[in-house]
Amino acid sequence: MIMTDNLFLIYAMFFGMWVYSALSLALFITYLILNRNNNFGDFAPIIDEYSAGGIRYLREVDNVSSIEKNFLFSEFGENPYEGKEHRYPEHLLKNSKKEHLDQ
Amino acid sequence: MAVVCSNCAGKLIFNPATQRLECATCGSSFRPEDVEDKNADLHSKYYDTRVYVCSHCGAEVITSDTESSTFCVYCGNPAIVFNRVSQEYRPDGLVPFQITKEEAVKYIKLRFLKNPIIPKEIKSKCVPENLRGIYIPYWIVNADYTEADYIKGEVKRGKSTETRYYSRAGEVQFKNIPIDGSNILNDDISRKLEPFYLEEAKDFDEDYLNGFYSNTSDLNYFDLRASTAYRCHKLFEDEVVKTIKAKNIKIMDSIYHVDIHDDPIYMMMPVWFFTFKYDNKPYTILVNGQTGKVVGTMPWQKKKVYSITISVFILTFALCVFLSWASINKLLGMTSFYTQGFAVLFTMSSIFFAKGFTGLRRILNNLKLTQSEAMFKFVRKRQG
């Protein structure tokens, strides 16, 4: 009886394994086939393409404690550009006015 | 309005192959900068356009007077009607089309149409007559940017894994970031169209628009600021994780500030649109009009794909059953060799499963982007 139970368990295990293997391979091959229909991800611009010199680090600390988050955000939480005056392009202002009128 | 041929008064069309304005009637050709625009002095900040509106999706398409619109280039619906003559804000510059309509078709065919699972009716629709060239508005922005990130990562220590936290903060001076100026075009799609090479940009001259459509920017200053901040954040985030030597890195919290410099440059970028309907759903495949880069996900014949998937499943399953049946007596012994083999098979299957599952999810997400529903999310909202 014990032998029969073991045998059943082994068969069930193998059956499950083969189903899982077949399903995985079928899923992977379907992905490979459909991926030929997809063209979205072959260019990921990096920061150097749009900046002179990349990031200038102001803080770079590893293995910090949980309190660090509070320090970090209290130090950098304030907007350093607050209050700067700007000349907005006419077109952008016109769109703002248009939206305001639409509302 | 658009200029006419000085020899025969025929309509002039810009030819990307020669980079000249060509008269279809007498064959004369001119450099755009040599053609005099009599209206330029009257309204230098604006230029005249014809506005067509799609009654199906609400998109506005702008043409010069050499081109009339017969169907919506965004959703493919023929219910497009002439709405008004409008004076639009003159862009600072533009990158002229360098890829011809025929070349754009060739690139789409090379990229997608050799695949046997593509429906035949799409292959037959991919002809130059069904492509439309549109100048998409972009803002080229310079900005100062500051960001602070609190990051989590996992480090191996002996046999155990330890979770560590990292803090990073920094500032960047961004230069010439292209920000899609149209709310109609999904930002994820427009980002994939990049790069556009600004070295080849020209001062704006409406003669370059002859034979093409264009769209004007409908962003306000706050939209532009939000799009720029998001774009800078993504670039900063991608860079900052490279400085952390850990696995499973996750940015737990970020705070960022952006300051756009005065006078961002308003530009027009060339894009070919191939719009079609399949299974009652609209699709749009885009081709960068400067580089020829094709962006989009083509629909597939579901029956063919399902039959391939099921065949692979049955074949793999049958092979596994046969192999295990052939060596069942040895397997029943469960020697360590077979136990290890079992573990290897399980690991490999798990890798295939994970790769296949995440890959298929990505493809389906991209397919949604290609379908106009996603592209015209904003328009539908506006339509209520």
# chains A, B, ... in the order shown; residues from 1 in each chain; ligands from 1

$ select_by_dssp --residues "chain A" --states "helix (DSSP H, G or I)" --output "PyMOL selection string"
chain A and resi 2-35+47-50+68-76+90-102

$ interface_residues --of "chain B" --to "chain A" --cutoff "7 Å" --atoms "only C-alpha atoms" --output "VMD selection string"
chain B and resid 89 112 148 150 164 to 177 192 218 to 221 235 to 236 239 255 257 259 262 to 263 294 to 298 309 312 to 313 316 to 317 320 349 352 to 353 355 to 357 359 to 360 363

$ write_last_selection --atoms "C-alpha atoms" --output "PDB file, in the first residue's frame"
ATOM      1  CA  TYR B  89       2.341  80.096 -33.414  1.00  0.00           C
ATOM      2  CA  PHE B 112       7.668  43.600 -39.282  1.00  0.00           C
ATOM      3  CA  ALA B 148      17.398  63.242  -3.416  1.00  0.00           C
ATOM      4  CA  TYR B 150      16.372  56.985  -0.458  1.00  0.00           C
ATOM      5  CA  ARG B 164      20.777  47.879   3.092  1.00  0.00           C
ATOM      6  CA  TYR B 165      19.693  51.455   2.579  1.00  0.00           C
ATOM      7  CA  TYR B 166      21.470  54.143   0.594  1.00  0.00           C
ATOM      8  CA  SER B 167      21.085  57.893   0.231  1.00  0.00           C
ATOM      9  CA  ARG B 168      21.914  59.799  -2.889  1.00  0.00           C
ATOM     10  CA  ALA B 169      21.428  63.457  -3.745  1.00  0.00           C
ATOM     11  CA  GLY B 170      22.752  65.514  -6.593  1.00  0.00           C
ATOM     12  CA  GLU B 171      22.192  68.228  -9.125  1.00  0.00           C
ATOM     13  CA  VAL B 172      22.330  68.190 -12.907  1.00  0.00           C
ATOM     14  CA  GLN B 173      22.317  70.824 -15.609  1.00  0.00           C
ATOM     15  CA  PHE B 174      20.217  69.314 -18.353  1.00  0.00           C
ATOM     16  CA  LYS B 175      20.699  70.512 -21.911  1.00  0.00           C
ATOM     17  CA  ASN B 176      18.488  70.074 -24.958  1.00  0.00           C
ATOM     18  CA  ILE B 177      16.020  67.579 -23.506  1.00  0.00           C
ATOM     19  CA  LYS B 192      10.821  55.757 -28.135  1.00  0.00           C
ATOM     20  CA  ASP B 218      -1.149  72.241 -26.694  1.00  0.00           C
ATOM     21  CA  LEU B 219       0.966  72.207 -23.529  1.00  0.00           C
ATOM     22  CA  ASN B 220       0.858  75.057 -21.051  1.00  0.00           C
ATOM     23  CA  TYR B 221       3.828  76.050 -18.907  1.00  0.00           C
ATOM     24  CA  LEU B 235      17.199  59.941 -16.365  1.00  0.00           C
ATOM     25  CA  PHE B 236      18.510  60.722 -12.847  1.00  0.00           C
ATOM     26  CA  GLU B 239      21.957  56.836 -13.450  1.00  0.00           C
ATOM     27  CA  ILE B 255      12.137  64.274  -3.870  1.00  0.00           C
ATOM     28  CA  HIS B 257      12.896  70.022  -8.094  1.00  0.00           C
ATOM     29  CA  ASP B 259      13.857  74.877 -12.922  1.00  0.00           C
ATOM     30  CA  ASP B 262      13.859  80.838 -20.014  1.00  0.00           C
ATOM     31  CA  ASP B 263      12.773  80.492 -23.616  1.00  0.00           C
ATOM     32  CA  VAL B 294      10.232  52.159 -36.515  1.00  0.00           C
ATOM     33  CA  VAL B 295       8.208  52.264 -33.293  1.00  0.00           C
ATOM     34  CA  GLY B 296       5.147  50.161 -32.510  1.00  0.00           C
ATOM     35  CA  THR B 297       3.765  46.690 -32.009  1.00  0.00           C
ATOM     36  CA  MET B 298       2.022  44.909 -34.867  1.00  0.00           C
ATOM     37  CA  THR B 309       1.974  27.650 -28.422  1.00  0.00           C
ATOM     38  CA  VAL B 312       5.151  23.452 -28.442  1.00  0.00           C
ATOM     39  CA  PHE B 313       3.361  22.523 -25.218  1.00  0.00           C
ATOM     40  CA  THR B 316       7.583  19.223 -25.001  1.00  0.00           C
ATOM     41  CA  PHE B 317       5.169  17.350 -22.754  1.00  0.00           C
ATOM     42  CA  CYS B 320       9.277  14.574 -21.317  1.00  0.00           C
ATOM     43  CA  SER B 349      11.793  25.869 -16.503  1.00  0.00           C
ATOM     44  CA  PHE B 352      11.929  30.219 -19.146  1.00  0.00           C
ATOM     45  CA  PHE B 353       8.650  30.850 -17.372  1.00  0.00           C
ATOM     46  CA  LYS B 355      11.367  35.388 -19.101  1.00  0.00           C
ATOM     47  CA  GLY B 356       8.359  34.362 -21.163  1.00  0.00           C
ATOM     48  CA  PHE B 357       5.831  35.801 -18.725  1.00  0.00           C
ATOM     49  CA  GLY B 359       8.310  39.434 -21.976  1.00  0.00           C
ATOM     50  CA  LEU B 360       4.710  38.714 -22.994  1.00  0.00           C
ATOM     51  CA  ILE B 363       4.627  43.086 -25.490  1.00  0.00           C
TER      52      ILE B 363
END

$ atom_distance --atom1 "atom CA of Tyr230 of chain B" --atom2 "atom CA of Ile189 of chain B"
14.9 Å

$ atom_distance --atom1 "atom CA of Trp139 of chain B" --atom2 "atom CA of Arg50 of chain B"
22.5 Å

$ atom_distance --atom1 "atom CA of Val305 of chain B" --atom2 "atom CA of Leu367 of chain B"
15.3 Å

$ closest_residue --among "B:Gly93, B:Ile249, B:Pro119, B:Lys202" --to "Gln301 of chain B" --atoms "only C-alpha atoms"
B:Pro119

$ residues_around --residues "Val155 of chain B" --least-positions-apart "6" --cutoff "10 Å" --atoms "only C-alpha atoms" --output "ChimeraX atom specification"
/B:161-164,245-249

$ write_last_selection --atoms "C-alpha atoms" --output "CSV table (one decimal), in the first residue's frame"
chain,number,residue,atom,x,y,z
B,161,THR,CA,21.2,38.3,2.3
B,162,GLU,CA,21.2,41.6,4.0
B,163,THR,CA,18.9,44.6,3.2
B,164,ARG,CA,20.8,47.9,3.1
B,245,LYS,CA,26.6,47.8,-5.6
B,246,ALA,CA,23.6,45.7,-4.5
B,247,LYS,CA,20.9,43.5,-6.0
B,248,ASN,CA,17.1,44.1,-6.2
B,249,ILE,CA,17.6,47.8,-6.0

$ residues_around --residues "Gly289 of chain B" --least-positions-apart "6" --cutoff "9 Å" --atoms "only C-alpha atoms" --output "list in words"
Val95, Pro96, Phe97, Gln98, Ile99, Thr100, Lys101, Ala104, Gly133, Ile134, Tyr135, Met269, Pro270, Val271 and Trp272 of chain B

$ select_by_dssp --residues "segment 154-199 of chain B" --states "strand (DSSP E or B)" --output "CSV table (one decimal) with N, CA and C atoms, in the first residue's frame"
chain,number,residue,atom,x,y,z
B,154,GLU,N,19.8,44.8,-1.8
B,154,GLU,CA,20.2,43.6,-1.1
B,154,GLU,C,21.6,43.2,-1.3
B,155,VAL,N,22.3,42.9,-0.3
B,155,VAL,CA,23.8,42.5,-0.4
B,155,VAL,C,24.0,41.2,0.2
B,156,LYS,N,24.8,40.3,-0.4
B,156,LYS,CA,25.1,39.0,0.1
B,156,LYS,C,26.2,39.0,1.1
B,157,ARG,N,25.9,38.5,2.3
B,157,ARG,CA,26.9,38.3,3.3
B,157,ARG,C,27.0,36.8,3.6
B,160,SER,N,23.8,34.4,3.7
B,160,SER,CA,22.6,35.2,4.0
B,160,SER,C,22.5,36.4,3.1
B,161,THR,N,21.4,37.0,3.0
B,161,THR,CA,21.2,38.3,2.3
B,161,THR,C,20.8,39.4,3.2
B,162,GLU,N,21.5,40.5,3.1
B,162,GLU,CA,21.2,41.6,4.0
B,162,GLU,C,20.6,42.8,3.3
B,163,THR,N,19.5,43.4,3.8
B,163,THR,CA,18.9,44.6,3.2
B,163,THR,C,19.7,45.8,3.7
B,164,ARG,N,20.1,46.6,2.7
B,164,ARG,CA,20.8,47.9,3.1
B,164,ARG,C,20.1,49.1,2.5
B,165,TYR,N,20.3,50.2,3.1
B,165,TYR,CA,19.7,51.5,2.6
B,165,TYR,C,20.8,52.4,2.2
B,166,TYR,N,20.5,53.2,1.2
B,166,TYR,CA,21.5,54.1,0.6
B,166,TYR,C,20.8,55.5,0.4
B,167,SER,N,21.6,56.6,0.5
B,167,SER,CA,21.1,57.9,0.2
B,167,SER,C,21.9,58.5,-0.9
B,168,ARG,N,21.2,59.1,-1.8
B,168,ARG,CA,21.9,59.8,-2.9
B,168,ARG,C,21.2,61.1,-3.1
B,169,ALA,N,22.0,62.2,-3.4
B,169,ALA,CA,21.4,63.5,-3.7
B,169,ALA,C,22.4,64.1,-4.7
B,170,GLY,N,21.9,64.9,-5.6
B,170,GLY,CA,22.8,65.5,-6.6
B,170,GLY,C,22.0,66.5,-7.5
B,171,GLU,N,22.8,67.3,-8.2
B,171,GLU,CA,22.2,68.2,-9.1
B,171,GLU,C,22.7,68.0,-10.5
B,172,VAL,N,21.9,68.4,-11.5
B,172,VAL,CA,22.3,68.2,-12.9
B,172,VAL,C,21.9,69.4,-13.7
B,173,GLN,N,22.7,69.8,-14.6
B,173,GLN,CA,22.3,70.8,-15.6
B,173,GLN,C,22.0,70.1,-16.9
B,174,PHE,N,20.7,70.0,-17.1
B,174,PHE,CA,20.2,69.3,-18.4
B,174,PHE,C,20.3,70.3,-19.5
B,175,LYS,N,20.6,69.7,-20.7
B,175,LYS,CA,20.7,70.5,-21.9
B,175,LYS,C,20.0,69.8,-23.0
B,176,ASN,N,19.2,70.6,-23.7
B,176,ASN,CA,18.5,70.1,-25.0
B,176,ASN,C,17.7,68.8,-24.8
B,177,ILE,N,16.9,68.8,-23.7
B,177,ILE,CA,16.0,67.6,-23.5
B,177,ILE,C,14.8,67.8,-24.4
B,178,PRO,N,14.5,66.8,-25.3
B,178,PRO,CA,13.3,67.0,-26.1
B,178,PRO,C,12.0,66.5,-25.3
B,179,ILE,N,11.1,67.4,-25.2
B,179,ILE,CA,9.8,67.1,-24.5
B,179,ILE,C,8.7,67.2,-25.6
B,180,ASP,N,8.0,66.1,-25.7
B,180,ASP,CA,6.9,66.1,-26.7
B,180,ASP,C,5.8,67.1,-26.3

$ decode --residues "segment 62-87 of chain A" --atoms "N, CA and C atoms" --output "mmCIF file, in the first residue's frame"
data_model
loop_
_atom_site.group_PDB
_atom_site.id
_atom_site.type_symbol
_atom_site.label_atom_id
_atom_site.label_comp_id
_atom_site.auth_asym_id
_atom_site.auth_seq_id
_atom_site.Cartn_x
_atom_site.Cartn_y
_atom_site.Cartn_z
ATOM 1 N N ASP A 62 26.420 55.075 1.700
ATOM 2 C CA ASP A 62 25.941 53.690 1.671
ATOM 3 C C ASP A 62 25.641 53.209 3.089
ATOM 4 N N ASN A 63 24.757 52.222 3.154
ATOM 5 C CA ASN A 63 24.437 51.556 4.419
ATOM 6 C C ASN A 63 24.024 52.556 5.509
ATOM 7 N N VAL A 64 22.986 53.307 5.215
ATOM 8 C CA VAL A 64 22.530 54.338 6.153
ATOM 9 C C VAL A 64 21.431 53.769 7.054
ATOM 10 N N SER A 65 21.180 54.458 8.159
ATOM 11 C CA SER A 65 20.109 54.012 9.068
ATOM 12 C C SER A 65 18.773 54.575 8.576
ATOM 13 N N SER A 66 17.693 54.127 9.209
ATOM 14 C CA SER A 66 16.366 54.556 8.751
ATOM 15 C C SER A 66 16.108 56.046 9.024
ATOM 16 N N ILE A 67 16.865 56.641 9.965
ATOM 17 C CA ILE A 67 16.677 58.071 10.285
ATOM 18 C C ILE A 67 17.221 58.948 9.146
ATOM 19 N N GLU A 68 18.163 58.366 8.370
ATOM 20 C CA GLU A 68 18.803 59.127 7.284
ATOM 21 C C GLU A 68 17.770 59.716 6.319
ATOM 22 N N LYS A 69 16.696 58.971 6.107
ATOM 23 C CA LYS A 69 15.674 59.441 5.170
ATOM 24 C C LYS A 69 15.140 60.811 5.613
ATOM 25 N N ASN A 70 14.903 60.952 6.916
ATOM 26 C CA ASN A 70 14.385 62.229 7.418
ATOM 27 C C ASN A 70 15.402 63.358 7.193
ATOM 28 N N PHE A 71 16.678 63.047 7.504
ATOM 29 C CA PHE A 71 17.736 64.056 7.308
ATOM 30 C C PHE A 71 17.827 64.452 5.839
ATOM 31 N N LEU A 72 17.805 63.402 4.992
ATOM 32 C CA LEU A 72 17.963 63.617 3.549
ATOM 33 C C LEU A 72 16.857 64.522 3.013
ATOM 34 N N PHE A 73 15.633 64.192 3.378
ATOM 35 C CA PHE A 73 14.518 64.949 2.816
ATOM 36 C C PHE A 73 14.343 66.317 3.471
ATOM 37 N N SER A 74 14.813 66.449 4.708
ATOM 38 C CA SER A 74 14.730 67.799 5.296
ATOM 39 C C SER A 74 15.787 68.706 4.657
ATOM 40 N N GLU A 75 16.926 68.098 4.289
ATOM 41 C CA GLU A 75 17.989 68.911 3.666
ATOM 42 C C GLU A 75 17.659 69.291 2.225
ATOM 43 N N PHE A 76 17.056 68.335 1.496
ATOM 44 C CA PHE A 76 16.807 68.600 0.068
ATOM 45 C C PHE A 76 15.329 68.826 -0.249
ATOM 46 N N GLY A 77 14.527 68.901 0.771
ATOM 47 C CA GLY A 77 13.082 69.050 0.555
ATOM 48 C C GLY A 77 12.676 70.418 0.031
ATOM 49 N N GLU A 78 13.425 71.427 0.401
ATOM 50 C CA GLU A 78 13.051 72.778 -0.034
ATOM 51 C C GLU A 78 13.464 73.018 -1.475
ATOM 52 N N ASN A 79 12.582 73.649 -2.215
ATOM 53 C CA ASN A 79 12.867 73.909 -3.625
ATOM 54 C C ASN A 79 13.930 75.003 -3.765
ATOM 55 N N PRO A 80 15.125 74.639 -4.249
ATOM 56 C CA PRO A 80 16.186 75.651 -4.354
ATOM 57 C C PRO A 80 15.904 76.707 -5.426
ATOM 58 N N TYR A 81 14.935 76.428 -6.283
ATOM 59 C CA TYR A 81 14.650 77.368 -7.388
ATOM 60 C C TYR A 81 13.423 78.232 -7.089
ATOM 61 N N GLU A 82 12.905 78.098 -5.890
ATOM 62 C CA GLU A 82 11.706 78.836 -5.479
ATOM 63 C C GLU A 82 11.924 80.341 -5.668
ATOM 64 N N GLY A 83 10.938 80.993 -6.210
ATOM 65 C CA GLY A 83 10.979 82.449 -6.315
ATOM 66 C C GLY A 83 11.736 82.979 -7.517
ATOM 67 N N LYS A 84 12.334 82.075 -8.317
ATOM 68 C CA LYS A 84 13.057 82.545 -9.516
ATOM 69 C C LYS A 84 12.058 83.081 -10.530
ATOM 70 N N GLU A 85 12.362 84.216 -11.093
ATOM 71 C CA GLU A 85 11.430 84.804 -12.066
ATOM 72 C C GLU A 85 11.736 84.277 -13.470
ATOM 73 N N HIS A 86 10.686 84.105 -14.234
ATOM 74 C CA HIS A 86 10.880 83.549 -15.577
ATOM 75 C C HIS A 86 10.099 84.315 -16.625
ATOM 76 N N ARG A 87 10.632 84.233 -17.846
ATOM 77 C CA ARG A 87 9.881 84.752 -18.997
ATOM 78 C C ARG A 87 9.322 83.522 -19.701
#
